[in-house]
Amino acid sequence: MAADNPDAPTARAPETYTWPILAMVAAILPQVLVPARFRVGPVPLVPLIELAAVAVMVVIAARPGPVPRGARPLVLTLFGVLVGANTVGAGRLVSLVLDGHPVDGAALTANRLLVAGALALSTNMFTFALLYWQVDGGGPWTRARGPVQRPDFQFPQTLDRELGGPDWIPHFGDYLYVAFTNLISFSPADTSPLTGRAKTLMALQSLIALAVIVVVLSRVINILPAPAG
């Protein structure tokens, strides 16, 4: 028992959904607010689906008390929808860039491509962070109950309890960092995927990011004029 062992992890309240919902909004709003002539965005249906997912999440999180464990299947489905929408949007961007024709009546300028690439990559980071946060070890509700027997990710603090304390558990910010490092390096940094589903998700995230970066930057380099001299 925790009373007999002061170093034993103790159960704590499940993590709030405030930051994940803000991350969802941060991923979606630029797709809606940035005018089409300044970017190459997904078809209008994609942001509408994403906004519907946010609305459902707000309704779930607005109920008094912590988000119940029974809501996890619905939450996972919503986050999966966000990842699917991001994949569709990134795929459309790559296809349009390879095609090279004007989009929405405007040419694909370097600035427009860079904005589109930045939006696709930021959405990639936020949406996969949400999925990692909900998938790992049964989700935040289960992680808050005590040590997870079969985690999907291995953090340094779980290997050495002196780094984070005996009751340390990962929070959304930790998964956001995992998604960020996987996005820019195409591989894990300090946190390792342990299960097949975690490895599959990280591979998918890297594949989407790599396709966007390679295709968009290649096109931008061809568009930019050579330096005079």
# chains A, B, ... in the order shown; residues from 1 in each chain; ligands from 1
>>> closest_atom_pairs(of="segment 114-133 of chain A", to="segment 95-101 of chain A", cutoff="12 Å", atoms="only C-alpha atoms", output="JSON lines")
{"residue": "A:Leu114", "atom": "CA", "partner": "A:Val97", "partner_atom": "CA", "distance": 11.4}
{"residue": "A:Ala116", "atom": "CA", "partner": "A:Val97", "partner_atom": "CA", "distance": 10.3}
{"residue": "A:Gly117", "atom": "CA", "partner": "A:Val97", "partner_atom": "CA", "distance": 10.5}
>>> closest_residue(among="A:Gly70, A:Gly84, A:Thr123, A:Ala90", to="Ile49 of chain A", atoms="only C-alpha atoms")
A:Gly84
>>> select_by_dssp(residues="segment 91-219 of chain A", states="helix (DSSP H, G or I)", output="number ranges by chain")
A: 91-99, 110-138, 140-145, 156-159, 161-164, 172-185, 196-219
>>> write_last_selection(atoms="C-alpha atoms", output="short mmCIF file (atom, residue, chain, number, x, y, z; two decimals), in the first residue's frame")
data_model
loop_
_atom_site.label_atom_id
_atom_site.label_comp_id
_atom_site.auth_asym_id
_atom_site.auth_seq_id
_atom_site.Cartn_x
_atom_site.Cartn_y
_atom_site.Cartn_z
CA GLY A 91 -2.24 13.73 -49.51
CA ARG A 92 -4.20 16.36 -51.43
CA LEU A 93 -1.40 18.88 -50.91
CA VAL A 94 1.22 16.48 -52.24
CA SER A 95 -0.99 15.59 -55.23
CA LEU A 96 -1.63 19.24 -56.13
CA VAL A 97 2.04 20.15 -55.81
CA LEU A 98 3.06 17.27 -58.08
CA ASP A 99 0.37 18.30 -60.57
CA ALA A 110 6.72 29.65 -53.04
CA ASN A 111 5.04 31.57 -50.22
CA ARG A 112 1.77 29.77 -50.75
CA LEU A 113 3.47 26.38 -50.70
CA LEU A 114 5.45 27.19 -47.55
CA VAL A 115 2.26 28.26 -45.73
CA ALA A 116 0.48 25.11 -46.88
CA GLY A 117 3.40 22.93 -45.77
CA ALA A 118 3.58 24.62 -42.37
CA LEU A 119 -0.15 24.12 -41.82
CA ALA A 120 0.02 20.46 -42.81
CA LEU A 121 2.99 19.78 -40.53
CA SER A 122 1.56 21.61 -37.53
CA THR A 123 -1.72 19.74 -37.92
CA ASN A 124 0.27 16.51 -38.19
CA MET A 125 2.00 17.25 -34.89
CA PHE A 126 -1.13 18.19 -32.94
CA THR A 127 -3.34 15.37 -34.20
CA PHE A 128 -0.80 12.61 -33.61
CA ALA A 129 0.00 14.00 -30.15
CA LEU A 130 -3.69 13.67 -29.31
CA LEU A 131 -3.74 10.08 -30.51
CA TYR A 132 -0.56 9.14 -28.63
CA TRP A 133 -1.97 10.70 -25.46
CA GLN A 134 -5.17 8.69 -25.68
CA VAL A 135 -3.65 5.38 -26.87
CA ASP A 136 -0.77 5.00 -24.42
CA GLY A 137 -1.44 2.53 -21.62
CA GLY A 138 -5.22 2.75 -21.82
CA PRO A 140 -5.15 9.25 -19.17
CA TRP A 141 -7.81 7.69 -16.94
CA THR A 142 -5.93 4.39 -16.67
CA ARG A 143 -2.51 6.03 -16.29
CA ALA A 144 -3.81 8.10 -13.37
CA ARG A 145 -4.94 4.96 -11.52
CA PRO A 156 12.95 8.25 -19.44
CA GLN A 157 11.12 9.08 -16.20
CA THR A 158 9.62 5.59 -16.10
CA LEU A 159 13.06 4.01 -16.39
CA ARG A 161 12.13 7.33 -11.08
CA GLU A 162 14.64 9.85 -9.74
CA LEU A 163 14.12 11.90 -12.90
CA GLY A 164 10.42 12.55 -12.34
CA PHE A 172 -0.36 15.73 -22.86
CA GLY A 173 2.71 17.95 -23.14
CA ASP A 174 4.95 14.89 -23.08
CA TYR A 175 3.08 13.36 -26.02
CA LEU A 176 3.17 16.66 -27.87
CA TYR A 177 6.96 16.58 -27.53
CA VAL A 178 7.03 12.99 -28.82
CA ALA A 179 5.00 14.03 -31.85
CA PHE A 180 7.23 17.07 -32.45
CA THR A 181 10.50 15.13 -32.33
CA ASN A 182 9.08 12.36 -34.52
CA LEU A 183 7.97 15.02 -37.00
CA ILE A 184 11.34 16.70 -37.39
CA SER A 185 13.65 13.69 -37.04
CA GLY A 196 3.05 -2.50 -32.58
CA ARG A 197 0.30 0.11 -32.63
CA ALA A 198 2.62 2.80 -31.26
CA LYS A 199 5.27 1.95 -33.85
CA THR A 200 2.65 1.96 -36.61
CA LEU A 201 1.33 5.38 -35.59
CA MET A 202 4.80 6.89 -35.38
CA ALA A 203 5.72 5.41 -38.77
CA LEU A 204 2.54 6.85 -40.29
CA GLN A 205 3.24 10.27 -38.81
CA SER A 206 6.80 10.25 -40.16
CA LEU A 207 5.64 9.08 -43.59
CA ILE A 208 3.09 11.91 -43.88
CA ALA A 209 5.62 14.51 -42.70
CA LEU A 210 8.33 13.20 -45.02
CA ALA A 211 6.03 13.30 -48.05
CA VAL A 212 4.98 16.89 -47.31
CA ILE A 213 8.51 18.13 -46.60
CA VAL A 214 10.17 16.47 -49.60
CA VAL A 215 7.51 17.37 -52.17
CA VAL A 216 6.79 20.91 -50.96
CA LEU A 217 10.43 21.90 -50.47
CA SER A 218 11.42 20.42 -53.82
CA ARG A 219 8.74 22.47 -55.52
#
>>> atom_distance(atom1="atom CA of Arg69 of chain A", atom2="atom CA of Pro166 of chain A")
23.9 Å
>>> atom_distance(atom1="atom CA of Pro20 of chain A", atom2="atom CA of Ile169 of chain A")
16.4 Å
>>> select_by_dssp(residues="segment 62-212 of chain A", states="strand (DSSP E)", output="PyMOL selection string")
chain A and resi 153-154+192-193
>>> write_last_selection(atoms="C-alpha atoms", output="mmCIF file, in the first residue's frame")
data_model
loop_
_atom_site.group_PDB
_atom_site.id
_atom_site.type_symbol
_atom_site.label_atom_id
_atom_site.label_comp_id
_atom_site.auth_asym_id
_atom_site.auth_seq_id
_atom_site.Cartn_x
_atom_site.Cartn_y
_atom_site.Cartn_z
ATOM 1 C CA PHE A 153 5.599 4.358 -24.865
ATOM 2 C CA GLN A 154 8.624 4.225 -22.594
ATOM 3 C CA SER A 192 10.569 4.755 -27.412
ATOM 4 C CA PRO A 193 7.472 3.058 -28.879
#
>>> closest_residue(among="A:Asp190, A:Asp104, A:Asp152, A:Asp167", to="Val40 of chain A", atoms="only C-alpha atoms")
A:Asp104
>>> closest_residue(among="A:Val46, A:Ala107, A:Val75, A:Ile223", to="Ile60 of chain A", atoms="only C-alpha atoms")
A:Val75
>>> atom_distance(atom1="atom CA of Ala106 of chain A", atom2="atom CA of Arg39 of chain A")
9.8 Å
>>> closest_residue(among="A:Val59, A:Leu45, A:Leu82, A:Val88", to="Met24 of chain A", atoms="only C-alpha atoms")
A:Leu82
